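Colleague: A single structure is presented below for examination.
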Amino acid sequence: MDKAIIEILEAMKLPFSLSDIEISSVEDGSEYSVWLVRCGDQKFVLKKAKGFEIETYSAFFSDIASGAPRFYSAVNYQGDDYFLMEYVEGVDLCKCTRDGLKKAIDAIISLQNKYWEDKIRENCGFSFEKSLEGRIRRGEYLFDDEIEAAYSNFLEEYRRLPRTLCHDDLLPFNVLVSDNGATLIDWEYGGILPYPTPIARLIAHCEETEDAFFYMGEDDKKFAIYYYYEKFVGVKGISYNEYRRSLDMFLLYEYCEWIMLGNKYDSGDKRMLEKYTKLAKALINK
């Protein structure tokens, strides 16, 4: 594969010379193909693109200062798309700490401030219209009158809220935290979307038990909700009550992901369906 990687890099406009590079795979057993490219003391990541990555990275991250890896170049090689980006150090947020959480929200805010109500890039990457299609389909597999009614309200809210750059899959493993801050990675689904999208996904699936795959204490969730409001949403002139109403609807949307999966793909194991149905009902009736 190294020969192919060299050919891919040769086809790109590179910020380094190919005469003295080292290439190593960082394949983690998933479907992703990722390589670390070293040139002296510089490091870059070469990745086989998924989803809307190239469109998103090239539109938003060619000159980014912080919050996401910088995009350098992309090329199609034998029918597949590859792109080169900045290498970022850090540990993920799966075991949440207050410092890491604060840095993650600061990164969200930095990117959202830069692209608040951006009309120039509104159709780049995973656009609002593309995202809305999937959200409508999710509502077709809820099979509960009360949840369906609440989900219909969410779709209305989704259509009306201010939009900015959002990572539509900001689970804790897509946040890398270091001493210098946090970086949001794996932008397969990113674009100009309603503003609560990333904060809702970041906290929705975390649990308080420390052996959970995504661990976040209840106090940290409360901190995240208020800190994001104080430092960003409130500054935009949105009241706290309006923000919390919107955020609850976006949390409902996150819970409905597992309700939809449980109803559409009946595996016989109802634990996740029951868990998220209970969460959705509690949120609706709080």
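Quick note on naming: the chains in the structure tokens go A, B, ... in the order shown, residues restart at 1 in each chain, and ligands are numbered from 1 in order of appearance.
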Near Leu111 (chain A), counting only C-alpha atoms, which residues have an atom at most 9 Å away, once you skip same-chain residues fewer than 6 positions from it, shown as a list in words?
Modeller: Ile64, Ser66, Gly67, Ala68, Thr164, Leu165 and Cys166 of chain A
Colleague: Can you write out as CSV which residues of region 155-198 of chain A fall within 12 Å of region 140-150 of chain A, alongside each residue's closest atom pair and its distance in Å to one decimal, counting only C-alpha atoms and ordering rows by chain and ascending residue number?
Modeller:
residue,atom,partner,partner_atom,distance
A:Leu155,CA,A:Ala150,CA,8.9
A:Glu156,CA,A:Ala150,CA,10.1
A:Glu157,CA,A:Ala150,CA,10.6
Colleague: Produce a file of the selected residues containing N, CA, C and O atoms, as a short mmCIF file (atom, residue, chain, number, x, y, z; two decimals), in the first residue's frame.
Modeller:
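part.cif, written as the output of this step:
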data_model
loop_
_atom_site.label_atom_id
_atom_site.label_comp_id
_atom_site.auth_asym_id
_atom_site.auth_seq_id
_atom_site.Cartn_x
_atom_site.Cartn_y
_atom_site.Cartn_z
N LEU A 155 -39.17 18.68 14.81
CA LEU A 155 -38.95 19.00 13.40
C LEU A 155 -39.29 20.46 13.10
O LEU A 155 -38.59 21.12 12.32
N GLU A 156 -40.34 20.98 13.73
CA GLU A 156 -40.67 22.40 13.57
C GLU A 156 -39.55 23.27 14.13
O GLU A 156 -39.16 24.27 13.51
N GLU A 157 -39.04 22.90 15.30
CA GLU A 157 -37.95 23.64 15.92
C GLU A 157 -36.70 23.57 15.06
O GLU A 157 -35.98 24.56 14.89
#
Colleague: Out of region 89-240 of chain A, which residues get helix (DSSP H, G or I) from DSSP, as a ChimeraX atom specification?
Modeller: /A:98-114,128-141,145-160,172-174,197-204,218-236,240
Colleague: List as a count of residues only the protein and nucleic acid residues near region 116-132 of chain A, meaning an atom at most 9 Å away when only C-alpha atoms are counted, but skip any in the same chain fewer than 4 places from it.
Modeller: 29
Colleague: Could you give me the residues within region 164-268 of chain A that DSSP places in strand (DSSP E), as JSON, numbers by chain?
Modeller: {"A": [164, 165, 166, 167, 175, 176, 177, 178, 181, 182, 183, 184, 190, 191, 192, 193, 194]}
Colleague: With only C-alpha atoms as the counted atoms, please give the residues lying no more than 8 Å from Tyr72 (chain A), apart from itself and same-chain residues fewer than 2 positions off, as an MDAnalysis selection string.
Modeller: chainID A and resid 13:15 58 62 70 74 83:86
Colleague: Just the residues within 8 Å of Asp220 (chain A), please, counting only C-alpha atoms, with nothing from its chain fewer than 2 positions along; format it as a VMD selection string.
Modeller: chain A and resid 97 to 98 101 216 to 218 222 to 224
Colleague: For Cys206 (chain A), please output as a list in words all residues within 12 Å (counting only C-alpha atoms; exclusion window: fewer than 5 positions along the same chain).
Modeller: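 Here the answer would be Leu93, Cys94, Lys95, Cys96, Leu170, Leu171, Pro172, Phe173, Ile199, Ala200, Arg201, Asp211, Ala212, Phe213, Phe214, Tyr215, Met216, Gly217, Glu218, Asp220, Lys221, Leu251, Glu254 and Tyr255 of chain A.
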Colleague: How about saving the chosen residues, C-alpha atoms kept, as a PDB file, in the first residue's frame?
Modeller:
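As a result, out-v4.pdb now contains:
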ATOM      1  CA  LEU A  93     -13.631  12.533  25.930  1.00  0.00           C
ATOM      2  CA  CYS A  94     -15.173   9.095  26.492  1.00  0.00           C
ATOM      3  CA  LYS A  95     -14.222   9.361  30.162  1.00  0.00           C
ATOM      4  CA  CYS A  96     -15.238  12.963  30.662  1.00  0.00           C
ATOM      5  CA  LEU A 170     -20.120  14.765  18.008  1.00  0.00           C
ATOM      6  CA  LEU A 171     -19.926  11.711  20.223  1.00  0.00           C
ATOM      7  CA  PRO A 172     -17.170  11.868  22.852  1.00  0.00           C
ATOM      8  CA  PHE A 173     -14.713   9.795  20.788  1.00  0.00           C
ATOM      9  CA  ILE A 199     -23.941  19.980  22.211  1.00  0.00           C
ATOM     10  CA  ALA A 200     -27.027  17.746  22.333  1.00  0.00           C
ATOM     11  CA  ARG A 201     -25.198  14.782  20.789  1.00  0.00           C
ATOM     12  CA  ASP A 211     -17.548   1.961  33.520  1.00  0.00           C
ATOM     13  CA  ALA A 212     -19.952   3.227  30.835  1.00  0.00           C
ATOM     14  CA  PHE A 213     -18.578   3.571  27.313  1.00  0.00           C
ATOM     15  CA  PHE A 214     -19.406   7.293  27.465  1.00  0.00           C
ATOM     16  CA  TYR A 215     -19.049   8.542  31.036  1.00  0.00           C
ATOM     17  CA  MET A 216     -20.160  12.012  32.109  1.00  0.00           C
ATOM     18  CA  GLY A 217     -21.367  12.959  35.579  1.00  0.00           C
ATOM     19  CA  GLU A 218     -24.678  14.744  36.029  1.00  0.00           C
ATOM     20  CA  ASP A 220     -20.751  17.924  34.258  1.00  0.00           C
ATOM     21  CA  LYS A 221     -23.844  17.724  32.038  1.00  0.00           C
ATOM     22  CA  LEU A 251     -31.994  15.608  23.205  1.00  0.00           C
ATOM     23  CA  GLU A 254     -30.943  11.845  20.038  1.00  0.00           C
ATOM     24  CA  TYR A 255     -33.007   9.434  22.124  1.00  0.00           C
TER      25      TYR A 255
END
Colleague: So which residues touch region 226-228 of chain A within 8 Å, counting only C-alpha atoms, skipping near sequence neighbours fewer than 3 positions away, as a PyMOL selection string?
Modeller: chain A and resi 102+105+109+222-223+231-233
Colleague: Could you write those residues out with N, CA and C atoms, as an mmCIF file, in the first residue's frame?
Modeller:
data_model
loop_
_atom_site.group_PDB
_atom_site.id
_atom_site.type_symbol
_atom_site.label_atom_id
_atom_site.label_comp_id
_atom_site.auth_asym_id
_atom_site.auth_seq_id
_atom_site.Cartn_x
_atom_site.Cartn_y
_atom_site.Cartn_z
ATOM 1 N N LYS A 102 -14.916 21.441 29.197
ATOM 2 C CA LYS A 102 -14.854 22.888 28.968
ATOM 3 C C LYS A 102 -14.113 23.187 27.661
ATOM 4 N N ILE A 105 -16.344 22.360 24.643
ATOM 5 C CA ILE A 105 -17.377 23.368 24.389
ATOM 6 C C ILE A 105 -16.758 24.645 23.844
ATOM 7 N N ILE A 109 -17.839 26.426 20.381
ATOM 8 C CA ILE A 109 -18.183 27.852 20.339
ATOM 9 C C ILE A 109 -17.305 28.597 19.344
ATOM 10 N N LYS A 222 -24.782 19.363 33.562
ATOM 11 C CA LYS A 222 -25.365 20.658 33.910
ATOM 12 C C LYS A 222 -24.391 21.788 33.602
ATOM 13 N N PHE A 223 -23.117 21.538 33.899
ATOM 14 C CA PHE A 223 -22.089 22.534 33.579
ATOM 15 C C PHE A 223 -22.056 22.801 32.076
ATOM 16 N N LYS A 231 -21.599 31.365 27.506
ATOM 17 C CA LYS A 231 -20.502 31.820 26.651
ATOM 18 C C LYS A 231 -20.892 32.004 25.187
ATOM 19 N N PHE A 232 -22.053 31.478 24.789
ATOM 20 C CA PHE A 232 -22.387 31.535 23.369
ATOM 21 C C PHE A 232 -23.843 31.877 23.097
ATOM 22 N N VAL A 233 -24.754 31.024 23.518
ATOM 23 C CA VAL A 233 -26.161 31.187 23.130
ATOM 24 C C VAL A 233 -26.740 32.488 23.675
#
Colleague: When distances are computed from only C-alpha atoms, which of A:Phe154, A:Lys281, A:Glu210, A:Val175 shows the smallest separation from Arg245 (chain A)?
Modeller: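 Of the candidates, the smallest distance to Arg245 (chain A) is held by A:Phe154.
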